[in-house]
Amino acid sequence: MVQQRLLLSFHGVPERSLHLGDPYHCECHKTARLLTQALAIDPSRVQVTFQSRFGKAKWLGPYTEPTLVEWAQSGVKLVDVMCPGFTSDCLETLEEINMEAREAFLQAGGQHFQYIPCLNDNRPWITALGQIAQQHLQGWGADAESVQALHQDRLQQRQRAITMGASK
């Protein structure tokens, strides 16, 4: 039986942002879980990865290209790759994923690499994106008490991160 997987690659951010309370990592995994459910795919065949690392800091992982190479070397022959965090294709999706990551997967022994394009200028997507923007341009709908509680939580998380850094 030919092994096939779906890789959901999101733009990477420094791991430090997760420890400071940024919800991005959790939102990426929630997006993957909801896509997996909507597509009725076995969750064991889906992997979230992160791309685009810069500098010396540790970034969110696992990383996209090394994951694809590992899969190919372990017998995965077919992959579908999607970048659900991107509203449209760009250099990162077209060059990093559809060219460089494709080449790495195929050179490592993979046989078929299917890049699933971003939604780009698909009319229903542009309409939905416009509606979301209009809704949120009117404000987030949070009351002052909720905003203050969120601010306090972020301050506490930063303080914990500073304390943890100082104790090393």
# chains A, B, ... in the order shown; residues from 1 in each chain; ligands from 1

call {"tool": "select_by_dssp", "arguments": {"residues": "chain A", "states": "helix (DSSP H, G or I)", "output": "PyMOL selection string"}}
result
chain A and resi 15-19+24-38+43-45+64-73+91-107+123-137+144-166

call {"tool": "write_last_selection", "arguments": {"atoms": "C-alpha atoms", "output": "mmCIF file, in the first residue's frame"}}
result
data_model
loop_
_atom_site.group_PDB
_atom_site.id
_atom_site.type_symbol
_atom_site.label_atom_id
_atom_site.label_comp_id
_atom_site.auth_asym_id
_atom_site.auth_seq_id
_atom_site.Cartn_x
_atom_site.Cartn_y
_atom_site.Cartn_z
ATOM 1 C CA GLU A 15 9.335 29.827 19.408
ATOM 2 C CA ARG A 16 9.714 32.624 21.938
ATOM 3 C CA SER A 17 6.394 34.102 20.731
ATOM 4 C CA LEU A 18 4.592 30.944 21.867
ATOM 5 C CA HIS A 19 6.133 31.205 25.337
ATOM 6 C CA TYR A 24 -0.598 31.612 16.641
ATOM 7 C CA HIS A 25 0.751 28.084 17.255
ATOM 8 C CA CYS A 26 -2.564 26.943 18.745
ATOM 9 C CA GLU A 27 -4.525 28.598 15.940
ATOM 10 C CA CYS A 28 -2.460 26.726 13.338
ATOM 11 C CA HIS A 29 -3.174 23.402 15.035
ATOM 12 C CA LYS A 30 -6.870 24.250 15.388
ATOM 13 C CA THR A 31 -7.026 25.099 11.676
ATOM 14 C CA ALA A 32 -5.404 21.747 10.886
ATOM 15 C CA ARG A 33 -7.826 19.879 13.152
ATOM 16 C CA LEU A 34 -10.863 21.578 11.581
ATOM 17 C CA LEU A 35 -9.587 20.962 8.025
ATOM 18 C CA THR A 36 -8.884 17.331 8.853
ATOM 19 C CA GLN A 37 -12.417 16.915 10.211
ATOM 20 C CA ALA A 38 -14.047 18.757 7.285
ATOM 21 C CA PRO A 43 -5.588 12.639 11.598
ATOM 22 C CA SER A 44 -2.563 10.327 11.646
ATOM 23 C CA ARG A 45 -2.030 11.147 7.951
ATOM 24 C CA THR A 64 8.521 21.792 6.648
ATOM 25 C CA GLU A 65 11.394 20.679 4.431
ATOM 26 C CA PRO A 66 13.081 18.312 6.925
ATOM 27 C CA THR A 67 9.682 16.709 7.595
ATOM 28 C CA LEU A 68 9.161 16.066 3.878
ATOM 29 C CA VAL A 69 12.656 14.574 3.546
ATOM 30 C CA GLU A 70 12.059 12.343 6.580
ATOM 31 C CA TRP A 71 8.749 11.170 5.147
ATOM 32 C CA ALA A 72 10.281 10.320 1.760
ATOM 33 C CA GLN A 73 13.131 8.427 3.421
ATOM 34 C CA LEU A 91 7.397 33.672 -3.001
ATOM 35 C CA GLU A 92 7.159 31.610 0.181
ATOM 36 C CA THR A 93 4.477 29.290 -1.107
ATOM 37 C CA LEU A 94 5.596 29.140 -4.724
ATOM 38 C CA GLU A 95 9.379 29.043 -4.295
ATOM 39 C CA GLU A 96 9.969 27.649 -0.777
ATOM 40 C CA ILE A 97 7.192 25.078 -0.891
ATOM 41 C CA ASN A 98 6.263 24.312 -4.488
ATOM 42 C CA MET A 99 9.856 24.373 -5.754
ATOM 43 C CA GLU A 100 12.440 23.856 -2.977
ATOM 44 C CA ALA A 101 10.414 21.569 -0.700
ATOM 45 C CA ARG A 102 9.139 19.617 -3.747
ATOM 46 C CA GLU A 103 12.705 19.048 -4.940
ATOM 47 C CA ALA A 104 13.862 17.957 -1.473
ATOM 48 C CA PHE A 105 10.971 15.458 -1.152
ATOM 49 C CA LEU A 106 11.519 13.973 -4.617
ATOM 50 C CA GLN A 107 15.312 13.748 -4.204
ATOM 51 C CA ARG A 123 -14.407 35.159 -5.879
ATOM 52 C CA PRO A 124 -16.134 33.495 -2.861
ATOM 53 C CA TRP A 125 -12.876 33.794 -0.892
ATOM 54 C CA ILE A 126 -12.426 37.495 -1.729
ATOM 55 C CA THR A 127 -16.057 38.140 -0.768
ATOM 56 C CA ALA A 128 -15.626 36.302 2.555
ATOM 57 C CA LEU A 129 -12.325 38.062 3.259
ATOM 58 C CA GLY A 130 -13.959 41.435 2.564
ATOM 59 C CA GLN A 131 -16.800 40.611 4.962
ATOM 60 C CA ILE A 132 -14.376 39.546 7.688
ATOM 61 C CA ALA A 133 -12.345 42.738 7.236
ATOM 62 C CA GLN A 134 -15.446 44.944 7.375
ATOM 63 C CA GLN A 135 -16.690 43.181 10.496
ATOM 64 C CA HIS A 136 -13.393 43.601 12.324
ATOM 65 C CA LEU A 137 -12.740 47.147 11.144
ATOM 66 C CA ALA A 144 -13.087 47.228 28.462
ATOM 67 C CA GLU A 145 -13.026 44.596 31.227
ATOM 68 C CA SER A 146 -12.088 41.821 28.774
ATOM 69 C CA VAL A 147 -9.387 43.975 27.209
ATOM 70 C CA GLN A 148 -7.942 44.746 30.642
ATOM 71 C CA ALA A 149 -7.984 41.048 31.636
ATOM 72 C CA LEU A 150 -6.190 40.126 28.392
ATOM 73 C CA HIS A 151 -3.627 42.867 28.994
ATOM 74 C CA GLN A 152 -2.994 41.606 32.552
ATOM 75 C CA ASP A 153 -2.609 38.027 31.317
ATOM 76 C CA ARG A 154 -0.040 39.071 28.700
ATOM 77 C CA LEU A 155 1.903 41.071 31.308
ATOM 78 C CA GLN A 156 1.996 38.027 33.602
ATOM 79 C CA GLN A 157 3.184 35.789 30.748
ATOM 80 C CA ARG A 158 5.961 38.233 29.861
ATOM 81 C CA GLN A 159 7.013 38.416 33.498
ATOM 82 C CA ARG A 160 7.160 34.603 33.702
ATOM 83 C CA ALA A 161 9.247 34.500 30.519
ATOM 84 C CA ILE A 162 11.638 37.125 31.895
ATOM 85 C CA THR A 163 11.889 35.249 35.201
ATOM 86 C CA MET A 164 12.554 31.962 33.388
ATOM 87 C CA GLY A 165 15.240 33.618 31.265
ATOM 88 C CA ALA A 166 16.933 35.147 34.303
#

call {"tool": "select_by_dssp", "arguments": {"residues": "range 5-98 of chain A", "states": "strand (DSSP E or B)", "output": "ChimeraX atom specification"}}
result
/A:5-11,14,46-51,59,63,76-82

call {"tool": "write_last_selection", "arguments": {"atoms": "N, CA and C atoms", "output": "PDB file, in the first residue's frame"}}
result
ATOM      1  N   ARG A   5       0.281  11.310   2.497  1.00  0.00           N
ATOM      2  CA  ARG A   5       0.110  12.223   3.628  1.00  0.00           C
ATOM      3  C   ARG A   5      -0.296  13.606   3.144  1.00  0.00           C
ATOM      4  N   LEU A   6      -0.887  14.359   4.068  1.00  0.00           N
ATOM      5  CA  LEU A   6      -1.210  15.769   3.850  1.00  0.00           C
ATOM      6  C   LEU A   6      -0.363  16.587   4.805  1.00  0.00           C
ATOM      7  N   LEU A   7       0.403  17.510   4.252  1.00  0.00           N
ATOM      8  CA  LEU A   7       1.238  18.387   5.061  1.00  0.00           C
ATOM      9  C   LEU A   7       0.651  19.793   5.005  1.00  0.00           C
ATOM     10  N   LEU A   8       0.378  20.367   6.176  1.00  0.00           N
ATOM     11  CA  LEU A   8      -0.145  21.724   6.282  1.00  0.00           C
ATOM     12  C   LEU A   8       0.976  22.608   6.805  1.00  0.00           C
ATOM     13  N   SER A   9       1.531  23.413   5.918  1.00  0.00           N
ATOM     14  CA  SER A   9       2.682  24.241   6.253  1.00  0.00           C
ATOM     15  C   SER A   9       2.239  25.677   6.534  1.00  0.00           C
ATOM     16  N   PHE A  10       2.630  26.161   7.699  1.00  0.00           N
ATOM     17  CA  PHE A  10       2.318  27.529   8.111  1.00  0.00           C
ATOM     18  C   PHE A  10       3.610  28.334   8.183  1.00  0.00           C
ATOM     19  N   HIS A  11       3.490  29.642   8.053  1.00  0.00           N
ATOM     20  CA  HIS A  11       4.664  30.511   8.192  1.00  0.00           C
ATOM     21  C   HIS A  11       5.211  30.356   9.601  1.00  0.00           C
ATOM     22  N   PRO A  14       9.360  32.822  15.638  1.00  0.00           N
ATOM     23  CA  PRO A  14      10.247  32.359  16.710  1.00  0.00           C
ATOM     24  C   PRO A  14       9.450  31.666  17.821  1.00  0.00           C
ATOM     25  N   VAL A  46      -2.037  13.485   8.678  1.00  0.00           N
ATOM     26  CA  VAL A  46      -1.917  14.942   8.515  1.00  0.00           C
ATOM     27  C   VAL A  46      -0.858  15.460   9.484  1.00  0.00           C
ATOM     28  N   GLN A  47      -0.031  16.372   9.012  1.00  0.00           N
ATOM     29  CA  GLN A  47       1.027  16.940   9.852  1.00  0.00           C
ATOM     30  C   GLN A  47       1.069  18.455   9.672  1.00  0.00           C
ATOM     31  N   VAL A  48       1.157  19.176  10.770  1.00  0.00           N
ATOM     32  CA  VAL A  48       1.386  20.621  10.754  1.00  0.00           C
ATOM     33  C   VAL A  48       2.893  20.844  10.812  1.00  0.00           C
ATOM     34  N   THR A  49       3.391  21.727   9.933  1.00  0.00           N
ATOM     35  CA  THR A  49       4.800  22.115   9.958  1.00  0.00           C
ATOM     36  C   THR A  49       4.887  23.630   9.791  1.00  0.00           C
ATOM     37  N   PHE A  50       6.109  24.134   9.966  1.00  0.00           N
ATOM     38  CA  PHE A  50       6.344  25.577   9.849  1.00  0.00           C
ATOM     39  C   PHE A  50       7.533  25.820   8.934  1.00  0.00           C
ATOM     40  N   GLN A  51       7.454  26.881   8.147  1.00  0.00           N
ATOM     41  CA  GLN A  51       8.482  27.225   7.170  1.00  0.00           C
ATOM     42  C   GLN A  51       9.052  28.618   7.470  1.00  0.00           C
ATOM     43  N   TRP A  59      12.860  28.421  16.103  1.00  0.00           N
ATOM     44  CA  TRP A  59      11.547  28.745  15.539  1.00  0.00           C
ATOM     45  C   TRP A  59      10.592  27.586  15.803  1.00  0.00           C
ATOM     46  N   TYR A  63       9.839  21.623  11.257  1.00  0.00           N
ATOM     47  CA  TYR A  63      10.093  22.408  10.064  1.00  0.00           C
ATOM     48  C   TYR A  63       9.622  21.646   8.828  1.00  0.00           C
ATOM     49  N   VAL A  76       7.103   7.290   2.538  1.00  0.00           N
ATOM     50  CA  VAL A  76       5.945   8.049   2.053  1.00  0.00           C
ATOM     51  C   VAL A  76       6.230   8.428   0.607  1.00  0.00           C
ATOM     52  N   LYS A  77       5.332   8.049  -0.278  1.00  0.00           N
ATOM     53  CA  LYS A  77       5.562   8.269  -1.708  1.00  0.00           C
ATOM     54  C   LYS A  77       4.760   9.432  -2.268  1.00  0.00           C
ATOM     55  N   LEU A  78       3.595   9.710  -1.689  1.00  0.00           N
ATOM     56  CA  LEU A  78       2.722  10.762  -2.199  1.00  0.00           C
ATOM     57  C   LEU A  78       2.400  11.758  -1.094  1.00  0.00           C
ATOM     58  N   VAL A  79       2.582  13.039  -1.386  1.00  0.00           N
ATOM     59  CA  VAL A  79       2.198  14.072  -0.424  1.00  0.00           C
ATOM     60  C   VAL A  79       1.378  15.145  -1.122  1.00  0.00           C
ATOM     61  N   ASP A  80       0.417  15.634  -0.391  1.00  0.00           N
ATOM     62  CA  ASP A  80      -0.315  16.835  -0.768  1.00  0.00           C
ATOM     63  C   ASP A  80       0.141  17.893   0.224  1.00  0.00           C
ATOM     64  N   VAL A  81       0.487  19.070  -0.273  1.00  0.00           N
ATOM     65  CA  VAL A  81       0.995  20.134   0.583  1.00  0.00           C
ATOM     66  C   VAL A  81       0.136  21.369   0.400  1.00  0.00           C
ATOM     67  N   MET A  82      -0.283  21.926   1.526  1.00  0.00           N
ATOM     68  CA  MET A  82      -1.161  23.096   1.526  1.00  0.00           C
ATOM     69  C   MET A  82      -0.628  24.094   2.548  1.00  0.00           C
TER      70      MET A  82
END

call {"tool": "closest_residue", "arguments": {"among": "A:Ser88, A:Leu20, A:Gly75, A:Gln138", "to": "Gln111 in chain A", "atoms": "only C-alpha atoms"}}
result
A:Gly75

call {"tool": "atom_distance", "arguments": {"atom1": "CA of Gln3 in chain A", "atom2": "CA of Ser74 in chain A"}}
result
9.7 Å

call {"tool": "atom_distance", "arguments": {"atom1": "CA of Gly12 in chain A", "atom2": "CA of Phe54 in chain A"}}
result
9.2 Å

call {"tool": "atom_distance", "arguments": {"atom1": "CA of Leu60 in chain A", "atom2": "CA of Asn120 in chain A"}}
result
25.5 Å

call {"tool": "decode", "arguments": {"residues": "range 28-57 of chain A", "atoms": "N, CA and C atoms", "output": "short mmCIF file (atom, residue, chain, number, x, y, z; two decimals), in the first residue's frame"}}
result
data_model
loop_
_atom_site.label_atom_id
_atom_site.label_comp_id
_atom_site.auth_asym_id
_atom_site.auth_seq_id
_atom_site.Cartn_x
_atom_site.Cartn_y
_atom_site.Cartn_z
N CYS A 28 -2.89 27.57 14.46
CA CYS A 28 -2.46 26.73 13.34
C CYS A 28 -2.93 25.29 13.54
N HIS A 29 -2.75 24.77 14.75
CA HIS A 29 -3.17 23.40 15.04
C HIS A 29 -4.70 23.27 15.01
N LYS A 30 -5.41 24.29 15.45
CA LYS A 30 -6.87 24.25 15.39
C LYS A 30 -7.33 24.26 13.93
N THR A 31 -6.70 25.08 13.10
CA THR A 31 -7.03 25.10 11.68
C THR A 31 -6.81 23.72 11.07
N ALA A 32 -5.69 23.09 11.41
CA ALA A 32 -5.40 21.75 10.89
C ALA A 32 -6.46 20.74 11.35
N ARG A 33 -6.83 20.81 12.62
CA ARG A 33 -7.83 19.88 13.15
C ARG A 33 -9.16 20.07 12.43
N LEU A 34 -9.58 21.31 12.24
CA LEU A 34 -10.86 21.58 11.58
C LEU A 34 -10.83 21.17 10.11
N LEU A 35 -9.72 21.41 9.42
CA LEU A 35 -9.59 20.96 8.03
C LEU A 35 -9.63 19.44 7.93
N THR A 36 -8.92 18.79 8.83
CA THR A 36 -8.88 17.33 8.85
C THR A 36 -10.29 16.76 9.05
N GLN A 37 -11.04 17.36 9.97
CA GLN A 37 -12.42 16.92 10.21
C GLN A 37 -13.31 17.19 9.00
N ALA A 38 -13.20 18.39 8.43
CA ALA A 38 -14.05 18.76 7.28
C ALA A 38 -13.77 17.88 6.07
N LEU A 39 -12.52 17.47 5.91
CA LEU A 39 -12.14 16.63 4.77
C LEU A 39 -12.26 15.14 5.07
N ALA A 40 -12.63 14.82 6.31
CA ALA A 40 -12.78 13.42 6.74
C ALA A 40 -11.51 12.60 6.49
N ILE A 41 -10.38 13.19 6.88
CA ILE A 41 -9.08 12.52 6.73
C ILE A 41 -8.65 11.96 8.07
N ASP A 42 -8.02 10.81 8.06
CA ASP A 42 -7.46 10.23 9.26
C ASP A 42 -6.39 11.18 9.81
N PRO A 43 -6.55 11.67 11.04
CA PRO A 43 -5.59 12.64 11.60
C PRO A 43 -4.14 12.14 11.62
N SER A 44 -3.93 10.84 11.63
CA SER A 44 -2.56 10.33 11.65
C SER A 44 -1.86 10.54 10.30
N ARG A 45 -2.61 10.92 9.27
CA ARG A 45 -2.03 11.15 7.95
C ARG A 45 -1.80 12.63 7.66
N VAL A 46 -2.04 13.48 8.68
CA VAL A 46 -1.92 14.94 8.51
C VAL A 46 -0.86 15.46 9.48
N GLN A 47 -0.03 16.37 9.01
CA GLN A 47 1.03 16.94 9.85
C GLN A 47 1.07 18.46 9.67
N VAL A 48 1.16 19.18 10.77
CA VAL A 48 1.39 20.62 10.75
C VAL A 48 2.89 20.84 10.81
N THR A 49 3.39 21.73 9.93
CA THR A 49 4.80 22.12 9.96
C THR A 49 4.89 23.63 9.79
N PHE A 50 6.11 24.13 9.97
CA PHE A 50 6.34 25.58 9.85
C PHE A 50 7.53 25.82 8.93
N GLN A 51 7.45 26.88 8.15
CA GLN A 51 8.48 27.23 7.17
C GLN A 51 9.05 28.62 7.47
N SER A 52 10.05 29.00 6.73
CA SER A 52 10.63 30.35 6.74
C SER A 52 11.28 30.72 8.06
N ARG A 53 12.42 30.13 8.33
CA ARG A 53 13.18 30.46 9.55
C ARG A 53 14.30 31.42 9.20
N PHE A 54 14.52 32.41 10.08
CA PHE A 54 15.60 33.37 9.88
C PHE A 54 16.34 33.56 11.20
N GLY A 55 17.62 33.80 11.12
CA GLY A 55 18.39 34.11 12.32
C GLY A 55 18.72 32.88 13.15
N LYS A 56 19.24 33.14 14.34
CA LYS A 56 19.74 32.07 15.20
C LYS A 56 18.70 31.55 16.19
N ALA A 57 17.62 32.28 16.40
CA ALA A 57 16.61 31.87 17.38
C ALA A 57 15.95 30.56 16.96
#
